[in-house]
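Peer 1: This is the structure, below, for whatever I ask next.
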Protein chains: 4
Amino acid sequence: MGSRFAGAGYHVVLCRRSDESGLQQSVVDIEASGGSASGFILDATQPEAIESLVEQIETDLGPITVAIFNLGAQLGNRDLADTSLKQFELAWRMTSFGLFRLAKVLLPRMVERGSGALLVTSATAAVRGNAGQHAHAAAIGGRRMLCQSLNAEFSAQGIHIAHIVIDGAVDSPDTLGKMLGPENFARYREALGPDGLMDPGEIAETYFHIAHQHRSVWTFETDLRSFSDKPWWNG
Amino acid sequence: MGSRFAGAGYHVVLCRRSDESGLQQSVVDIEASGGSASGFILDATQPEAIESLVEQIETDLGPITVAIFNLGAQLGNRDLADTSLKQFELAWRMTSFGLFRLAKVLLPRMVERGSGALLVTSATAAVRGNAGQHAHAAAIGGRRMLCQSLNAEFSAQGIHIAHIVIDGAVDSPDTLGKMLGPENFARYREALGPDGLMDPGEIAETYFHIAHQHRSVWTFETDLRSFSDKPWWNG
Amino acid sequence: MGSRFAGAGYHVVLCRRSDESGLQQSVVDIEASGGSASGFILDATQPEAIESLVEQIETDLGPITVAIFNLGAQLGNRDLADTSLKQFELAWRMTSFGLFRLAKVLLPRMVERGSGALLVTSATAAVRGNAGQHAHAAAIGGRRMLCQSLNAEFSAQGIHIAHIVIDGAVDSPDTLGKMLGPENFARYREALGPDGLMDPGEIAETYFHIAHQHRSVWTFETDLRSFSDKPWWNG
Amino acid sequence: MGSRFAGAGYHVVLCRRSDESGLQQSVVDIEASGGSASGFILDATQPEAIESLVEQIETDLGPITVAIFNLGAQLGNRDLADTSLKQFELAWRMTSFGLFRLAKVLLPRMVERGSGALLVTSATAAVRGNAGQHAHAAAIGGRRMLCQSLNAEFSAQGIHIAHIVIDGAVDSPDTLGKMLGPENFARYREALGPDGLMDPGEIAETYFHIAHQHRSVWTFETDLRSFSDKPWWNG
């Protein structure tokens, strides 16, 4: 994602919860391709963490024109009995509360400037609950309704809110790969066949497109999945 | 709601957050009509409050066969700037987390007995976000996905989960009436015309029907509104 | 369905496309239980057939207060190559055009009387298309939008339109049984387990309930399925 | 739309029902910008018209790689009483049956080639019926379910089906302009304010993007509207 926007001339600010060296590597990779980037470790569940980072970025680096909220809380499938109160709350705190906090601090700044885009990465569980998805679906399904509420208030003020439903597995060794382990991940990828996993670079193309739509033709919601995958409504 | 179920022979347990005398009056009213009821003050946001009350009821009064979760967090319309972090969290804590906690403590008991019904009162904001609904829509929209997740795990185990979308204003002097004030409430009722407000006793008829559907024909979701009102999808 | 309404004192008018003796048997069965019924053979695809029957019923038997539109066009799964233009058109003609014609002739009469109910039996394909469902989904999905349009025009005039999604297989030897053949039907029923097929008499209970909701609490859409079945959104 | 694809090197085939000289002018305009185009008068309601044109194009001009189905049947708002059987049928014949016929003749060819895209221009009435939209909503809502059915059968065979919901008024002097008349159209545009009408050239950007998504990240459905307009779910 970062490299797509950096390649188009954006200064990209990357945030992740942990892995400082991985973060710095991503910055270096973007710079090696001639781009410009910064990286921050951010625990979005900490009070004031989102708020102060937004202020810092706007002060030190300049106005945020496009924000991409990628935070999710997919824990794999867990029965109700195996989903703790803590997990349920954490999923909400990262996914739904995190976006709300970002919106509270960022959107007024964008409104003052008369423009801006907030793109939210969502998932299947935002549009249908399923077995084992109690915490994830509640958090992310609520966030979808939050996005519609934000859009209702801010669209006419020039702020583009978009809710992007990633309805499939992404070819991401860092997240899905770590969740499954390298061998299972390799097996899974092979089972799905060529282009059965969603290519992150190609996902970024659609984000970039949406972030740059003319304001007379804004997308609020779109879905993405591999050609070989079934949409959520087909099970 | 209580009187409908009491009239059919249920022992009804009423819970409300405050107003002990109002609560006792409701119990007395049911008993005066020949029904049987108990009342509890319950602050569902308190740790262990839901959990211990369920245990107490099951121990002292008998197995809960039908649970109706009415808790909502409609605060009227508030711009993002006027919606505090606290309000956003409270809405989630009452609406979504509250149901999750109830499900965690109640559903395993119902599963052991092989039957039970959990009916959730929902609202328009569960199916579409709108201006001023940031906290409410996020909380209640998430809860809808939670209900689908619960249904996916528990339906085949004999537990009937139903999500009932109250898509309009209810003729409730105690809640809407207090929110608007008696004069505005009277004006509002008159403006809507006869049967323009939803009759709570008539709503209870549909709850009762759903709670007693044969297990070969269970409803998961239904919507209700006055004949003179527009459905949410028509604005 | 007929016996539920007849048992409540309605004179029931049954219509089917063919099988005069089966039709008369249904009338006799209702009468044997103390009810009142008439039967008509109706090919709803014929010009004027619906229109003249409505007029005949209203003239000879009295005003139609509740109409239940059951006509569907489920042909089983057929690939696009195996779905002919004729089949596609026929599915539309029965399902969507048929309801439109009924609405054109019946609703103005109901409006004049200030009340009436039109309940439409729908199916999974109305809310999501799937492989092999080209003709069925197009016909029945369009009809759902027609129902919303009818509701938008007629609800405030006192006409209750309801769209009932039968999201599962019905225990109907006459339709599903004939489609599968008696042996396959028996095997299918056994595979689904007890109450895995939807009981038609129990479905009728929900129709009866909806047809008699107080006008301050009308349902437009509800779904029904067996407890042991998966909802369409869970595949 | 045509000029966007022509500018990227496509030979564009334009079809319209009437106005041969307008059609030729569009071809000339594309050629004047260095593009390549052909034009055909096509009455899609005529038997064999779609089928033979597809064959002719494939034979004379080469394989169709991207097909854009723009046919709609918005007649403005008409009460049920003012919507004739003929209009209802015509709306279906153009909108839903037309796409089915195109799919029958075109998709097998694309399957043989292992790739292709079919983009369908849809409208608000595909996702919610409304007063006066009986014919339009039934036709276009059915077509949405048809698109889902086509996608379920053809996506894994390499054919990209996309359903694009144009949820607002397009700045099109030729269609909306003619429907309203030039003065009303000018007034309407002014009332909506800058960029309140959707720019057709900008709509084409999103079509072009979707038509060229990598097959690991295909969009099935997206919505588009002006920043200053309300989404359909907000009325």
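Identifiers for the structure tokens are assigned positionally: chains receive A, B, ... in sequence, residues are indexed from 1 per chain, and ligands are indexed from 1 in the order shown.
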Tell me which protein, DNA and RNA residues are within 8 Å of Asp229 (chain A), counting only C-alpha atoms, leaving out same-chain ones fewer than 4 positions away, and put them as a list in words.

Peer 2: Gly168, Gly196 and Arg225 of chain A; Ala156 of chain D

Peer 1: Quick one: residues within 10 Å of Glu31 (chain C), only C-alpha atoms, excluding same-chain residues fewer than 5 positions away - as a PyMOL selection string?

Peer 2: chain C and resi 3+6-7+25-26+36-38

Peer 1: Give me, as a list in words, the residues of chain A touching chain B, with the criterion being at most 7 Å (counting only C-alpha atoms).

Peer 2: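 Contact residues on the first chain: Leu80, Ala81, Lys104, Arg128, Gly129, Asn130, Ala131, Gly132, Gln133, His134, Ala137, Ala138, Ala139, Ile140, Gly141, Gly142, Arg143, Met145, Leu146, Gln148, Ser149, Leu150, Ala152 and Glu153 of chain A.
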
Peer 1: If we count only C-alpha atoms, what is near region 201-204 of chain D at a cut-off of 8 Å, once residues fewer than 6 positions away on the same chain are taken out, given as a list in words?

Peer 2: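 Everything that qualifies: Gln213, His214, Ser216 and Val217 of chain A; Met1, Arg4 and Leu224 of chain D.
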
Peer 1: Write a file of the just-selected residues containing C-alpha atoms, as a PDB file, in the first residue's frame.

Peer 2:
ATOM      1  CA  GLN A 213     -11.928   9.713  -7.565  1.00  0.00           C
ATOM      2  CA  HIS A 214     -13.375  13.023  -8.660  1.00  0.00           C
ATOM      3  CA  SER A 216     -18.712  14.014  -8.337  1.00  0.00           C
ATOM      4  CA  VAL A 217     -18.255  10.230  -8.405  1.00  0.00           C
TER       5      VAL A 217
ATOM      6  CA  MET D   1     -17.115   6.082 -21.546  1.00  0.00           C
ATOM      7  CA  ARG D   4     -11.767   6.663 -21.997  1.00  0.00           C
ATOM      8  CA  LEU D 224     -20.867   5.887  -7.011  1.00  0.00           C
TER       9      LEU D 224
END

Peer 1: Among region 106-231 of chain B, which residues carry a DSSP assignment of alpha helix (DSSP H), reported as number ranges by chain?

Peer 2: B: 106-113, 134-154, 176-180, 182-192, 200-211

Peer 1: Point out the residue among B:Val170, B:Val66, B:Ala73, B:Met110 with the least atom-to-atom distance to Gln157 (chain B), counting only C-alpha atoms.

Peer 2: B:Met110

Peer 1: Would you list the contacts of Val120 (chain B) as a ChimeraX atom specification, taking every protein, DNA or RNA residue within 8 Å and counting only C-alpha atoms, but skipping same-chain residues closer than 3 positions in sequence?

Peer 2: /B:68-70,161-164

Peer 1: Could you work out how far CA of Ser172 (chain A) lies from CA of Ala32 (chain A), giving the answer in Å with one decimal?

Peer 2: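 Interatomic distance here is 21.1 Å.
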
Peer 1: From a backbone DSSP assignment, name each residue in chain C labelled strand (DSSP E or B), as a ChimeraX atom specification.

Peer 2: /C:11-16,36-41,66-69,116-123,159-166,170,198,218,221-225

Peer 1: Using CA of His11 (chain B) and CA of Gly34 (chain B) as the two end points, give the distance in Å to one decimal.

Peer 2: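 One can read the CA of His11 (chain B) to CA of Gly34 (chain B) distance as 11.0 Å.
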
Peer 1: Please identify all polymer residues within 8 Å of Gly98 (chain C), counting only C-alpha atoms, omitting same-chain residues fewer than 5 positions from it, and present them as number ranges by chain.

Peer 2: C: 44-45, 50, 93

Peer 1: For Asp19 (chain B), find every residue with an atom within 12 Å (counting only C-alpha atoms), except residues of its own chain fewer than 5 positions away, and show them as an mmCIF file with N, CA and C atoms, in the first residue's frame.

Peer 2:
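This is the output file result_27.cif:
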data_model
loop_
_atom_site.group_PDB
_atom_site.id
_atom_site.type_symbol
_atom_site.label_atom_id
_atom_site.label_comp_id
_atom_site.auth_asym_id
_atom_site.auth_seq_id
_atom_site.Cartn_x
_atom_site.Cartn_y
_atom_site.Cartn_z
ATOM 1 N N GLN B 24 -41.383 -1.734 40.485
ATOM 2 C CA GLN B 24 -42.334 -2.481 41.322
ATOM 3 C C GLN B 24 -43.762 -2.284 40.847
ATOM 4 N N GLN B 25 -44.050 -1.095 40.324
ATOM 5 C CA GLN B 25 -45.392 -0.847 39.798
ATOM 6 C C GLN B 25 -45.686 -1.800 38.625
ATOM 7 N N SER B 26 -44.675 -2.003 37.771
ATOM 8 C CA SER B 26 -44.871 -2.923 36.634
ATOM 9 C C SER B 26 -45.148 -4.340 37.126
ATOM 10 N N GLY B 39 -39.050 -8.266 39.676
ATOM 11 C CA GLY B 39 -38.347 -7.121 39.108
ATOM 12 C C GLY B 39 -36.967 -6.957 39.720
ATOM 13 N N PHE B 40 -36.007 -6.580 38.885
ATOM 14 C CA PHE B 40 -34.646 -6.341 39.365
ATOM 15 C C PHE B 40 -34.100 -5.039 38.793
ATOM 16 N N ILE B 41 -33.441 -4.292 39.645
ATOM 17 C CA ILE B 41 -32.660 -3.166 39.155
ATOM 18 C C ILE B 41 -31.336 -3.733 38.661
ATOM 19 N N LEU B 42 -30.973 -3.363 37.445
ATOM 20 C CA LEU B 42 -29.771 -3.940 36.833
ATOM 21 C C LEU B 42 -29.024 -2.863 36.069
ATOM 22 N N ASP B 43 -27.807 -2.598 36.463
ATOM 23 C CA ASP B 43 -26.953 -1.735 35.654
ATOM 24 C C ASP B 43 -26.045 -2.643 34.832
ATOM 25 N N ASP B 174 -42.525 6.507 28.758
ATOM 26 C CA ASP B 174 -41.403 6.364 29.684
ATOM 27 C C ASP B 174 -40.040 6.607 29.051
#

Peer 1: If I take CA of Ala211 (chain D) and CA of Ala117 (chain D), how far is one from the other in Å, to one decimal?

Peer 2: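 Going from CA of Ala211 (chain D) over to CA of Ala117 (chain D), I get 6.2 Å.
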
Peer 1: Pick out the residues sitting within 8 Å of Gly116 (chain D), and hand them over as number ranges by chain; count only C-alpha atoms, and ignore anything fewer than 2 positions along from it in its own chain.

Peer 2: D: 64-66, 110-111, 113-114, 118, 158-160

Peer 1: Give me a file of those residues, with all heavy atoms, as a PDB file, in the first residue's frame.

Peer 2:
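That gives us selection17.pdb:
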ATOM      1  N   ILE D  64     -14.583  -9.515 -28.255  1.00  0.00           N
ATOM      2  CA  ILE D  64     -15.009  -8.510 -27.277  1.00  0.00           C
ATOM      3  C   ILE D  64     -14.335  -8.838 -25.947  1.00  0.00           C
ATOM      4  O   ILE D  64     -14.566  -9.905 -25.386  1.00  0.00           O
ATOM      5  CB  ILE D  64     -16.541  -8.522 -27.128  1.00  0.00           C
ATOM      6  CG1 ILE D  64     -17.197  -8.167 -28.459  1.00  0.00           C
ATOM      7  CG2 ILE D  64     -16.991  -7.583 -26.021  1.00  0.00           C
ATOM      8  CD1 ILE D  64     -18.704  -8.395 -28.501  1.00  0.00           C
ATOM      9  N   THR D  65     -13.515  -7.937 -25.470  1.00  0.00           N
ATOM     10  CA  THR D  65     -12.808  -8.213 -24.209  1.00  0.00           C
ATOM     11  C   THR D  65     -13.504  -7.565 -23.017  1.00  0.00           C
ATOM     12  O   THR D  65     -13.488  -8.098 -21.919  1.00  0.00           O
ATOM     13  CB  THR D  65     -11.348  -7.733 -24.288  1.00  0.00           C
ATOM     14  OG1 THR D  65     -11.347  -6.368 -24.707  1.00  0.00           O
ATOM     15  CG2 THR D  65     -10.562  -8.553 -25.304  1.00  0.00           C
ATOM     16  N   VAL D  66     -14.078  -6.407 -23.253  1.00  0.00           N
ATOM     17  CA  VAL D  66     -14.835  -5.727 -22.203  1.00  0.00           C
ATOM     18  C   VAL D  66     -16.188  -5.337 -22.764  1.00  0.00           C
ATOM     19  O   VAL D  66     -16.244  -4.663 -23.805  1.00  0.00           O
ATOM     20  CB  VAL D  66     -14.108  -4.438 -21.730  1.00  0.00           C
ATOM     21  CG1 VAL D  66     -14.943  -3.715 -20.669  1.00  0.00           C
ATOM     22  CG2 VAL D  66     -12.717  -4.753 -21.198  1.00  0.00           C
ATOM     23  N   MET D 110     -16.155 -15.693 -24.180  1.00  0.00           N
ATOM     24  CA  MET D 110     -15.114 -15.240 -23.233  1.00  0.00           C
ATOM     25  C   MET D 110     -14.518 -16.427 -22.484  1.00  0.00           C
ATOM     26  O   MET D 110     -13.311 -16.478 -22.255  1.00  0.00           O
ATOM     27  CB  MET D 110     -15.702 -14.227 -22.250  1.00  0.00           C
ATOM     28  CG  MET D 110     -16.011 -12.862 -22.876  1.00  0.00           C
ATOM     29  SD  MET D 110     -16.680 -11.694 -21.612  1.00  0.00           S
ATOM     30  CE  MET D 110     -16.542 -10.113 -22.492  1.00  0.00           C
ATOM     31  N   VAL D 111     -15.374 -17.370 -22.094  1.00  0.00           N
ATOM     32  CA  VAL D 111     -14.882 -18.556 -21.383  1.00  0.00           C
ATOM     33  C   VAL D 111     -13.876 -19.306 -22.240  1.00  0.00           C
ATOM     34  O   VAL D 111     -12.818 -19.727 -21.759  1.00  0.00           O
ATOM     35  CB  VAL D 111     -16.053 -19.483 -20.985  1.00  0.00           C
ATOM     36  CG1 VAL D 111     -15.535 -20.842 -20.540  1.00  0.00           C
ATOM     37  CG2 VAL D 111     -16.888 -18.842 -19.875  1.00  0.00           C
ATOM     38  N   ARG D 113     -11.938 -18.100 -24.351  1.00  0.00           N
ATOM     39  CA  ARG D 113     -10.690 -17.334 -24.379  1.00  0.00           C
ATOM     40  C   ARG D 113     -10.063 -17.217 -22.990  1.00  0.00           C
ATOM     41  O   ARG D 113      -8.967 -16.689 -22.841  1.00  0.00           O
ATOM     42  CB  ARG D 113     -10.971 -15.939 -24.959  1.00  0.00           C
ATOM     43  CG  ARG D 113     -11.507 -15.990 -26.388  1.00  0.00           C
ATOM     44  CD  ARG D 113     -11.579 -14.625 -27.043  1.00  0.00           C
ATOM     45  NE  ARG D 113     -12.646 -13.772 -26.568  1.00  0.00           N
ATOM     46  CZ  ARG D 113     -13.795 -13.550 -27.233  1.00  0.00           C
ATOM     47  NH1 ARG D 113     -14.028 -14.166 -28.407  1.00  0.00           N
ATOM     48  NH2 ARG D 113     -14.701 -12.742 -26.749  1.00  0.00           N
ATOM     49  N   GLY D 114     -10.811 -17.629 -21.970  1.00  0.00           N
ATOM     50  CA  GLY D 114     -10.263 -17.623 -20.613  1.00  0.00           C
ATOM     51  C   GLY D 114     -10.257 -16.280 -19.926  1.00  0.00           C
ATOM     52  O   GLY D 114      -9.732 -16.131 -18.827  1.00  0.00           O
ATOM     53  N   LEU D 118     -17.533  -8.114 -18.011  1.00  0.00           N
ATOM     54  CA  LEU D 118     -18.882  -7.645 -18.312  1.00  0.00           C
ATOM     55  C   LEU D 118     -19.287  -6.697 -17.194  1.00  0.00           C
ATOM     56  O   LEU D 118     -19.495  -7.124 -16.058  1.00  0.00           O
ATOM     57  CB  LEU D 118     -19.846  -8.833 -18.402  1.00  0.00           C
ATOM     58  CG  LEU D 118     -21.336  -8.515 -18.528  1.00  0.00           C
ATOM     59  CD1 LEU D 118     -21.619  -7.596 -19.705  1.00  0.00           C
ATOM     60  CD2 LEU D 118     -22.139  -9.817 -18.665  1.00  0.00           C
ATOM     61  N   GLY D 158     -12.717 -17.068 -15.123  1.00  0.00           N
ATOM     62  CA  GLY D 158     -11.907 -15.951 -15.608  1.00  0.00           C
ATOM     63  C   GLY D 158     -12.694 -14.770 -16.149  1.00  0.00           C
ATOM     64  O   GLY D 158     -12.104 -13.846 -16.723  1.00  0.00           O
ATOM     65  N   ILE D 159     -14.016 -14.804 -15.949  1.00  0.00           N
ATOM     66  CA  ILE D 159     -14.832 -13.699 -16.464  1.00  0.00           C
ATOM     67  C   ILE D 159     -15.203 -12.768 -15.312  1.00  0.00           C
ATOM     68  O   ILE D 159     -15.785 -13.193 -14.323  1.00  0.00           O
ATOM     69  CB  ILE D 159     -16.141 -14.218 -17.117  1.00  0.00           C
ATOM     70  CG1 ILE D 159     -15.843 -15.410 -18.030  1.00  0.00           C
ATOM     71  CG2 ILE D 159     -16.853 -13.090 -17.830  1.00  0.00           C
ATOM     72  CD1 ILE D 159     -14.823 -15.131 -19.095  1.00  0.00           C
ATOM     73  N   HIS D 160     -14.868 -11.520 -15.465  1.00  0.00           N
ATOM     74  CA  HIS D 160     -15.118 -10.534 -14.425  1.00  0.00           C
ATOM     75  C   HIS D 160     -16.484  -9.874 -14.652  1.00  0.00           C
ATOM     76  O   HIS D 160     -16.664  -9.107 -15.591  1.00  0.00           O
ATOM     77  CB  HIS D 160     -14.000  -9.481 -14.457  1.00  0.00           C
ATOM     78  CG  HIS D 160     -14.059  -8.501 -13.322  1.00  0.00           C
ATOM     79  ND1 HIS D 160     -13.119  -7.523 -13.129  1.00  0.00           N
ATOM     80  CD2 HIS D 160     -14.942  -8.347 -12.309  1.00  0.00           C
ATOM     81  CE1 HIS D 160     -13.425  -6.810 -12.048  1.00  0.00           C
ATOM     82  NE2 HIS D 160     -14.533  -7.290 -11.538  1.00  0.00           N
TER      83      HIS D 160
END

Peer 1: Could you check which of B:Val13, B:Ala169, B:Ala186, B:Leu53 is closest to Ala67 (chain B), using only C-alpha atoms?

Peer 2: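 Closest to Ala67 (chain B) of all the choices is B:Val13.
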